[in-house]
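Data block for final-v5.csv (CSV, C-alpha atoms and all ligand atoms):
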chain,number,residue,atom,x,y,z
A,1,MET,CA,16.3,-46.0,5.5
A,2,GLU,CA,18.1,-43.8,8.1
A,3,LYS,CA,15.7,-42.7,10.9
A,4,ILE,CA,15.0,-39.0,11.4
A,5,ASP,CA,16.1,-37.5,14.7
A,6,ILE,CA,12.8,-36.2,16.0
A,7,LEU,CA,14.4,-33.9,18.6
A,8,SER,CA,15.8,-31.8,15.8
A,9,LEU,CA,12.3,-31.2,14.2
A,10,SER,CA,10.0,-28.3,14.8
A,11,LEU,CA,6.4,-28.9,15.8
A,12,ASN,CA,5.3,-28.0,12.3
A,13,GLU,CA,7.7,-30.5,10.8
A,14,ILE,CA,6.4,-33.3,13.0
A,15,GLU,CA,2.8,-32.3,12.1
A,16,ASN,CA,3.6,-32.5,8.4
A,17,ILE,CA,5.2,-35.9,8.6
A,18,LEU,CA,2.3,-37.2,10.7
A,19,VAL,CA,-0.4,-35.9,8.3
A,20,GLY,CA,1.6,-37.4,5.4
A,21,ASN,CA,1.2,-40.7,7.2
A,22,ASN,CA,-2.5,-40.3,7.7
A,23,GLU,CA,-2.3,-39.4,11.4
A,24,LYS,CA,-4.2,-36.5,13.1
A,25,LYS,CA,-2.3,-33.2,13.2
A,26,PHE,CA,-3.0,-32.7,17.0
A,27,ARG,CA,-0.9,-35.8,17.8
A,28,ALA,CA,2.2,-33.8,16.9
A,29,LEU,CA,1.6,-31.5,19.9
A,30,GLN,CA,1.3,-34.5,22.2
A,31,ILE,CA,4.6,-35.9,20.9
A,32,TYR,CA,6.3,-32.5,21.1
A,33,ASP,CA,5.2,-32.2,24.8
A,34,TRP,CA,6.6,-35.7,25.6
A,35,LEU,CA,9.9,-34.8,24.0
A,36,HIS,CA,10.5,-31.2,25.2
A,37,VAL,CA,8.4,-30.8,28.3
A,38,LYS,CA,8.3,-34.3,29.9
A,39,ARG,CA,11.6,-35.1,28.2
A,40,CYS,CA,10.9,-38.8,27.6
A,41,THR,CA,13.6,-40.7,25.8
A,42,GLU,CA,11.6,-43.6,24.3
A,43,PHE,CA,8.4,-43.6,22.2
A,44,SER,CA,7.1,-46.4,24.5
A,45,GLN,CA,6.8,-43.9,27.3
A,46,MET,CA,4.3,-41.8,25.4
A,47,THR,CA,1.3,-43.4,27.0
A,48,ASN,CA,-1.4,-41.2,25.5
A,49,LEU,CA,-0.6,-42.4,22.0
A,50,SER,CA,-1.9,-45.7,20.5
A,51,ALA,CA,0.4,-48.6,20.2
A,52,GLN,CA,-0.1,-48.3,16.4
A,53,LEU,CA,1.1,-44.7,16.4
A,54,ARG,CA,4.0,-45.5,18.7
A,55,GLY,CA,5.0,-48.3,16.2
A,56,LEU,CA,4.8,-45.8,13.3
A,57,LEU,CA,7.0,-43.3,15.2
A,58,THR,CA,9.6,-46.0,16.0
A,59,GLY,CA,9.7,-46.9,12.3
A,60,ILE,CA,10.3,-43.3,11.1
A,61,PHE,CA,12.1,-41.5,14.0
A,62,CYS,CA,14.8,-42.0,16.6
A,63,ILE,CA,15.2,-40.0,19.8
A,64,ASN,CA,18.9,-38.9,20.1
A,65,THR,CA,20.7,-39.2,23.5
A,66,LEU,CA,24.0,-38.1,25.0
A,67,LYS,CA,26.0,-40.1,27.5
A,68,ILE,CA,28.0,-38.6,30.3
A,69,LYS,CA,31.6,-39.8,29.8
A,70,LYS,CA,33.2,-37.7,32.6
A,71,LYS,CA,32.1,-35.1,35.1
A,72,LEU,CA,34.4,-32.7,36.9
A,73,GLU,CA,33.1,-30.7,39.8
A,74,SER,CA,34.9,-27.5,40.9
A,75,TYR,CA,36.3,-27.4,44.5
A,76,THR,CA,35.9,-23.7,44.7
A,77,ASP,CA,32.3,-23.1,43.4
A,78,ASN,CA,29.4,-25.2,42.1
A,79,THR,CA,30.7,-25.3,38.5
A,80,VAL,CA,30.5,-28.7,36.8
A,81,LYS,CA,32.1,-29.6,33.5
A,82,TYR,CA,30.6,-32.5,31.5
A,83,LEU,CA,32.3,-34.5,28.8
A,84,TYR,CA,29.4,-35.8,26.7
A,85,GLN,CA,29.8,-38.7,24.3
A,86,LEU,CA,27.8,-38.4,21.1
A,87,ASN,CA,26.2,-41.3,19.3
A,88,ASP,CA,29.1,-41.5,16.8
A,89,ASP,CA,31.6,-41.6,19.6
A,90,ASN,CA,32.7,-38.0,19.2
A,91,TYR,CA,33.0,-35.9,22.4
A,92,ILE,CA,31.9,-32.4,23.4
A,93,GLU,CA,32.1,-30.3,26.6
A,94,THR,CA,29.4,-28.6,28.4
A,95,VAL,CA,29.7,-26.4,31.6
A,96,LEU,CA,27.1,-25.9,34.2
A,97,MET,CA,27.5,-22.7,36.4
A,98,GLU,CA,25.5,-21.7,39.4
A,99,TYR,CA,24.9,-17.9,40.0
A,100,ASN,CA,22.8,-16.0,42.5
A,101,HIS,CA,20.1,-15.6,39.8
A,102,GLY,CA,20.1,-19.3,38.9
A,103,TYR,CA,21.8,-21.8,36.7
A,104,SER,CA,23.6,-21.0,33.4
A,105,ILE,CA,25.0,-23.5,30.9
A,106,CYS,CA,27.7,-23.1,28.3
A,107,ILE,CA,27.2,-25.4,25.4
A,108,SER,CA,29.2,-26.6,22.4
A,109,THR,CA,28.0,-26.1,18.8
A,110,GLN,CA,30.5,-28.2,16.9
A,111,VAL,CA,32.9,-31.1,17.4
A,112,GLY,CA,36.2,-29.3,17.2
A,113,CYS,CA,36.5,-25.9,15.5
A,114,LYS,CA,38.1,-24.7,12.3
A,115,MET,CA,38.5,-21.0,13.3
A,116,GLY,CA,42.1,-21.4,14.7
A,117,CYS,CA,42.0,-18.7,17.4
A,118,LYS,CA,45.5,-18.9,18.8
A,119,PHE,CA,44.5,-18.9,22.5
A,120,CYS,CA,41.9,-21.7,22.2
A,121,ALA,CA,42.4,-25.4,22.9
A,122,SER,CA,39.2,-26.3,21.1
A,123,THR,CA,40.7,-25.8,17.7
A,124,LYS,CA,43.9,-27.8,18.3
A,125,ALA,CA,42.5,-31.2,17.2
A,126,GLY,CA,40.8,-29.6,14.2
A,127,PHE,CA,37.2,-29.7,13.1
A,128,LYS,CA,35.2,-32.9,12.9
A,129,ARG,CA,31.6,-32.0,12.4
A,130,ASP,CA,28.7,-29.7,13.2
A,131,LEU,CA,26.4,-30.5,16.0
A,132,THR,CA,22.7,-31.0,15.2
A,133,PRO,CA,20.0,-28.9,16.8
A,134,ALA,CA,19.1,-32.0,18.9
A,135,GLU,CA,22.7,-32.4,20.2
A,136,MET,CA,22.7,-28.7,21.3
A,137,LEU,CA,19.4,-29.1,23.1
A,138,LEU,CA,20.4,-32.4,24.7
A,139,GLN,CA,23.3,-30.7,26.5
A,140,ILE,CA,20.7,-28.7,28.3
A,141,TYR,CA,18.2,-31.6,28.8
A,142,GLU,CA,20.8,-34.1,30.0
A,143,THR,CA,22.5,-31.6,32.3
A,144,GLU,CA,19.2,-30.6,33.9
A,145,ARG,CA,18.3,-34.3,34.3
A,146,ASP,CA,21.7,-35.2,35.9
A,147,ALA,CA,21.9,-32.2,38.2
A,148,GLY,CA,18.2,-32.2,39.1
A,149,ILE,CA,17.9,-28.4,38.3
A,150,LYS,CA,16.3,-26.0,35.9
A,151,ILE,CA,18.6,-24.0,33.7
A,152,SER,CA,17.6,-20.3,33.3
A,153,SER,CA,20.2,-19.1,30.8
A,154,VAL,CA,22.3,-20.5,27.9
A,155,VAL,CA,25.6,-19.4,26.5
A,156,LEU,CA,26.8,-20.6,23.1
A,157,MET,CA,30.5,-20.4,24.0
A,158,GLY,CA,31.7,-24.0,24.3
A,159,ILE,CA,33.6,-25.9,21.6
A,160,GLY,CA,32.9,-24.6,18.1
A,161,GLU,CA,31.9,-21.4,16.3
A,162,PRO,CA,28.0,-21.2,16.4
A,163,LEU,CA,27.7,-19.0,13.3
A,164,ASP,CA,29.9,-21.5,11.4
A,165,ASN,CA,27.0,-23.9,12.0
A,166,TYR,CA,24.5,-21.3,11.2
A,167,ASP,CA,21.4,-23.2,10.1
A,168,ASN,CA,21.6,-25.7,13.0
A,169,THR,CA,22.2,-23.0,15.5
A,170,ILE,CA,19.2,-21.0,14.3
A,171,LYS,CA,17.0,-24.2,14.5
A,172,PHE,CA,18.3,-24.9,18.0
A,173,LEU,CA,17.3,-21.4,19.1
A,174,GLU,CA,13.9,-21.8,17.5
A,175,LEU,CA,13.4,-25.1,19.4
A,176,LEU,CA,14.7,-23.7,22.7
A,177,SER,CA,12.4,-20.7,22.5
A,178,SER,CA,9.3,-22.7,21.3
A,179,GLU,CA,6.3,-21.9,23.5
A,180,LYS,CA,5.1,-25.4,23.3
A,181,GLY,CA,8.5,-26.8,24.3
A,182,THR,CA,11.3,-25.5,26.6
A,183,ASN,CA,10.0,-22.0,26.1
A,184,MET,CA,13.2,-20.2,27.1
A,185,SER,CA,13.2,-16.5,26.2
A,186,LEU,CA,16.0,-15.6,23.8
A,187,ARG,CA,16.8,-12.7,26.1
A,188,HIS,CA,18.3,-15.4,28.3
A,189,VAL,CA,20.6,-16.7,25.5
A,190,SER,CA,24.1,-15.3,24.6
A,191,LEU,CA,25.8,-16.2,21.4
A,192,SER,CA,29.6,-15.7,21.3
A,193,THR,CA,31.3,-15.4,17.9
A,194,CYS,CA,34.9,-14.9,16.8
A,195,GLY,CA,33.4,-12.5,14.2
A,196,LEU,CA,31.9,-14.0,11.0
A,197,VAL,CA,30.5,-10.7,9.7
A,198,ASP,CA,28.2,-12.1,7.0
A,199,ARG,CA,26.6,-14.4,9.5
A,200,ILE,CA,26.3,-11.7,12.1
A,201,ASN,CA,24.4,-9.5,9.5
A,202,GLN,CA,22.3,-12.5,8.6
A,203,LEU,CA,21.4,-13.0,12.2
A,204,ALA,CA,20.6,-9.3,12.7
A,205,ASP,CA,18.3,-9.4,9.7
A,206,LEU,CA,16.4,-12.3,11.3
A,207,ASN,CA,15.4,-9.9,14.2
A,208,THR,CA,14.0,-7.3,11.9
A,209,ALA,CA,12.2,-9.7,9.6
A,301,LIG,S1,35.9,-19.8,17.5
A,301,LIG,FE1,35.7,-20.3,19.7
A,301,LIG,S2,36.0,-22.5,19.8
A,301,LIG,FE2,36.7,-21.8,17.8
A,301,LIG,S3,38.9,-21.6,18.0
A,301,LIG,FE3,37.9,-19.5,18.3
A,301,LIG,S4,37.6,-19.4,20.5
A,301,LIG,FE4,38.0,-21.5,20.0

If you convert what's in this file into structure tokens, what do you get?
Amino acid sequence: MEKIDILSLSLNEIENILVGNNEKKFRALQIYDWLHVKRCTEFSQMTNLSAQLRGLLTGIFCINTLKIKKKLESYTDNTVKYLYQLNDDNYIETVLMEYNHGYSICISTQVGCKMGCKFCASTKAGFKRDLTPAEMLLQIYETERDAGIKISSVVLMGIGEPLDNYDNTIKFLELLSSEKGTNMSLRHVSLSTCGLVDRINQLADLNTA
């Protein structure tokens, strides 16, 4: 059975799986804190959980990771471009920028892009696949870990059209803004689109729901 990437799950979803396995609901919050606040990468690091529960987690879930394949640092400012390797050996780019008000990150939402904007290199090799919510979050987590900084704003303007990966993008935004996790205000997030009108309307409706 393929393991579930726990970093893509909401707190509620983790609770439901735990309760379905006869575990206490409150354990989900401890696990969520280890993943999104303490940012641990292995279940064995979750020292306030029993060995039995850690064994159960290892059997059901995996914790996704990204590897830094290449890092380019600007000579003129503190901008750093990361080439991240995904678990299936696809690659994405992420850019860390330093401003007076703090650090901002530009993340990718897909491997390649099918939109075909004439000026854009990201579309030249075609579209391979959507990124998962975890793979979007990990661009922030791994960059913060590598640079030893805290990112204060996020721009969805890297490789891919975020609204063409609508469900995963919305889930990423929910995880990013979760009070029990990274807790970033969505006022600090910008989403760039080439103009998928139906999806823009769908996104606008979410705000008024
Ligand atoms: S939608 Fe964005 S990533 Fe895709 S081709 Fe257009 S500019 Fe490039």

Find the residues with any atom within 10 Å of (28.2, -20.3, 16.3); use all atoms listed in the file and the coordinates as given in the file, and write the answer as a list in words.
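Result, sorted by chain then residue number: Ser108, Thr109, Gln110, Asp130, Leu156, Met157, Gly158, Ile159, Gly160, Glu161, Pro162, Leu163, Asp164, Asn165, Tyr166, Asp167, Asn168, Thr169, Ile170, Leu191, Ser192, Thr193, Cys194, Gly195, Leu196, Arg199 and Ile200 of chain A.
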
Counting all atoms listed in the file, the residue among A:Lys25, A:Lys118, A:His188, A:Arg54 that lies closest to ligand LIG 301 (chain A) is A:Lys118

Which residue out of A:Thr143, A:Asn48, A:Asn201, A:Ser178 has the minimum interatomic distance to Lys71 of chain A when only C-alpha atoms are used?
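Distance minimum relative to Lys71 of chain A lands on A:Thr143.
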
What does the distance between atom CA of Asn22 of chain A and atom CA of Ala134 of chain A come to in Å, to one decimal place?
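Interatomic distance, atom CA of Asn22 of chain A to atom CA of Ala134 of chain A: 25.7 Å.
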
Spatial neighbours of Gly59 of chain A, 12 Å, all atoms listed in the file, chain gap at least 5 places, as a list in words
Met1, Glu2, Lys3, Ile4, Asp5, Ile6, Asn21, Phe43, Gln52, Leu53 and Arg54 of chain A

Tell me which of A:Glu98, A:Ala204, A:Ala125, A:Ser10 sits closest to Leu173 of chain A, counting all atoms listed in the file.
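Among the listed residues, the smallest separation from Leu173 of chain A belongs to A:Ser10.
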
Counting all atoms listed in the file, the option among A:Ile63, A:Ile107, A:Leu35, A:Met46 closest to ligand LIG 301 (chain A)
A:Ile107

Hey, what's within 8 Å of Arg39 of chain A if we count all atoms listed in the file and toss same-chain stuff fewer than 5 positions away? As a ChimeraX atom specification, please?
/A:33-34,141

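From atom CA of Ile92 of chain A back to atom CA of Cys106 of chain A, the distance works out to 11.3 Å.
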
One number please: atom CA of Gln202 of chain A to atom CA of Thr94 of chain A, in Å, one decimal.
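Interatomic distance, atom CA of Gln202 of chain A to atom CA of Thr94 of chain A: 26.5 Å.
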
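For the set A:Met184, A:Leu72, A:Cys62, A:Val111, the residue with the smallest atom-to-atom gap to ligand LIG 301 (chain A) is A:Val111, counting only C-alpha atoms and all ligand atoms.
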
Counting all atoms listed in the file, the option among A:Leu206, A:Val189, A:Ala121, A:Leu175 closest to ligand LIG 301 (chain A):
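Going through A:Leu206, A:Val189, A:Ala121, A:Leu175 one by one, the smallest distance to ligand LIG 301 (chain A) is for A:Ala121.
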
Test item: write segment 142-185 of chain A with N, CA and C atoms as a compact mmCIF listing (two decimals), in the first residue's frame:
# COMPACT_ATOMS: atom_id res chain seq x y z
N GLU A 142 12.34 24.00 3.54
CA GLU A 142 13.75 23.66 3.24
C GLU A 142 14.58 24.92 3.04
N THR A 143 13.98 25.94 2.43
CA THR A 143 14.71 27.19 2.21
C THR A 143 14.98 27.88 3.55
N GLU A 144 14.00 27.89 4.43
CA GLU A 144 14.22 28.47 5.77
C GLU A 144 15.30 27.71 6.51
N ARG A 145 15.24 26.37 6.39
CA ARG A 145 16.24 25.55 7.08
C ARG A 145 17.64 25.82 6.52
N ASP A 146 17.76 25.86 5.20
CA ASP A 146 19.08 26.04 4.58
C ASP A 146 19.64 27.43 4.87
N ALA A 147 18.78 28.46 4.76
CA ALA A 147 19.26 29.84 4.91
C ALA A 147 19.31 30.29 6.37
N GLY A 148 18.66 29.53 7.26
CA GLY A 148 18.64 29.90 8.68
C GLY A 148 17.87 31.18 8.92
N ILE A 149 16.78 31.36 8.16
CA ILE A 149 15.97 32.59 8.28
C ILE A 149 14.49 32.22 8.40
N LYS A 150 13.67 33.24 8.68
CA LYS A 150 12.22 33.07 8.71
C LYS A 150 11.64 33.87 7.55
N ILE A 151 10.84 33.21 6.74
CA ILE A 151 10.24 33.87 5.58
C ILE A 151 8.94 34.54 6.00
N SER A 152 8.77 35.80 5.56
CA SER A 152 7.58 36.53 6.00
C SER A 152 6.54 36.73 4.90
N SER A 153 6.90 36.43 3.66
CA SER A 153 5.87 36.52 2.61
C SER A 153 6.17 35.51 1.49
N VAL A 154 5.11 35.10 0.82
CA VAL A 154 5.20 34.05 -0.19
C VAL A 154 4.55 34.53 -1.48
N VAL A 155 5.21 34.26 -2.59
CA VAL A 155 4.67 34.61 -3.91
C VAL A 155 4.54 33.33 -4.72
N LEU A 156 3.37 33.04 -5.24
CA LEU A 156 3.18 31.87 -6.10
C LEU A 156 3.37 32.33 -7.53
N MET A 157 4.64 32.42 -7.94
CA MET A 157 4.96 32.97 -9.25
C MET A 157 6.14 32.25 -9.88
N GLY A 158 6.46 31.06 -9.34
CA GLY A 158 7.56 30.28 -9.91
C GLY A 158 7.05 29.46 -11.09
N ILE A 159 7.60 28.28 -11.27
CA ILE A 159 7.19 27.43 -12.40
C ILE A 159 5.75 26.94 -12.16
N GLY A 160 4.92 27.06 -13.21
CA GLY A 160 3.55 26.54 -13.12
C GLY A 160 2.50 27.61 -12.94
N GLU A 161 1.29 27.26 -13.28
CA GLU A 161 0.12 28.14 -13.11
C GLU A 161 -0.64 27.64 -11.88
N PRO A 162 -0.59 28.39 -10.77
CA PRO A 162 -1.19 27.88 -9.53
C PRO A 162 -2.67 27.52 -9.65
N LEU A 163 -3.42 28.28 -10.46
CA LEU A 163 -4.86 27.99 -10.55
C LEU A 163 -5.16 26.82 -11.49
N ASP A 164 -4.15 26.35 -12.22
CA ASP A 164 -4.30 25.11 -13.00
C ASP A 164 -4.07 23.89 -12.09
N ASN A 165 -3.58 24.14 -10.91
CA ASN A 165 -3.40 23.10 -9.87
C ASN A 165 -4.23 23.55 -8.67
N TYR A 166 -5.51 23.81 -8.95
CA TYR A 166 -6.36 24.56 -8.01
C TYR A 166 -6.49 23.88 -6.64
N ASP A 167 -6.90 22.62 -6.63
CA ASP A 167 -7.19 21.97 -5.34
C ASP A 167 -5.94 21.91 -4.45
N ASN A 168 -4.79 21.56 -5.06
CA ASN A 168 -3.56 21.46 -4.27
C ASN A 168 -3.09 22.84 -3.80
N THR A 169 -3.30 23.85 -4.63
CA THR A 169 -2.92 25.21 -4.24
C THR A 169 -3.76 25.69 -3.06
N ILE A 170 -5.07 25.43 -3.12
CA ILE A 170 -5.95 25.84 -2.01
C ILE A 170 -5.56 25.09 -0.73
N LYS A 171 -5.28 23.82 -0.86
CA LYS A 171 -4.88 23.03 0.33
C LYS A 171 -3.56 23.56 0.90
N PHE A 172 -2.62 23.90 0.02
CA PHE A 172 -1.36 24.51 0.47
C PHE A 172 -1.63 25.79 1.25
N LEU A 173 -2.52 26.64 0.72
CA LEU A 173 -2.81 27.91 1.40
C LEU A 173 -3.46 27.66 2.76
N GLU A 174 -4.29 26.63 2.84
CA GLU A 174 -4.92 26.29 4.13
C GLU A 174 -3.86 25.81 5.13
N LEU A 175 -2.93 25.00 4.65
CA LEU A 175 -1.86 24.50 5.54
C LEU A 175 -0.95 25.64 5.98
N LEU A 176 -0.58 26.49 5.02
CA LEU A 176 0.34 27.60 5.31
C LEU A 176 -0.25 28.55 6.35
N SER A 177 -1.57 28.75 6.29
CA SER A 177 -2.21 29.72 7.19
C SER A 177 -2.79 29.07 8.44
N SER A 178 -2.60 27.78 8.59
CA SER A 178 -3.14 27.08 9.75
C SER A 178 -2.55 27.64 11.05
N GLU A 179 -3.43 28.02 11.97
CA GLU A 179 -2.96 28.61 13.25
C GLU A 179 -2.09 27.66 14.04
N LYS A 180 -2.34 26.37 13.89
CA LYS A 180 -1.57 25.37 14.65
C LYS A 180 -0.27 25.00 13.94
N GLY A 181 -0.06 25.54 12.74
CA GLY A 181 1.13 25.19 11.98
C GLY A 181 1.99 26.41 11.70
N THR A 182 2.26 26.68 10.44
CA THR A 182 3.12 27.80 10.07
C THR A 182 2.46 29.15 10.38
N ASN A 183 1.13 29.18 10.32
CA ASN A 183 0.36 30.35 10.77
C ASN A 183 0.75 31.64 10.05
N MET A 184 0.92 31.56 8.73
CA MET A 184 1.20 32.78 7.96
C MET A 184 -0.12 33.39 7.50
N SER A 185 -0.29 34.67 7.72
CA SER A 185 -1.50 35.35 7.26
C SER A 185 -1.53 35.33 5.73
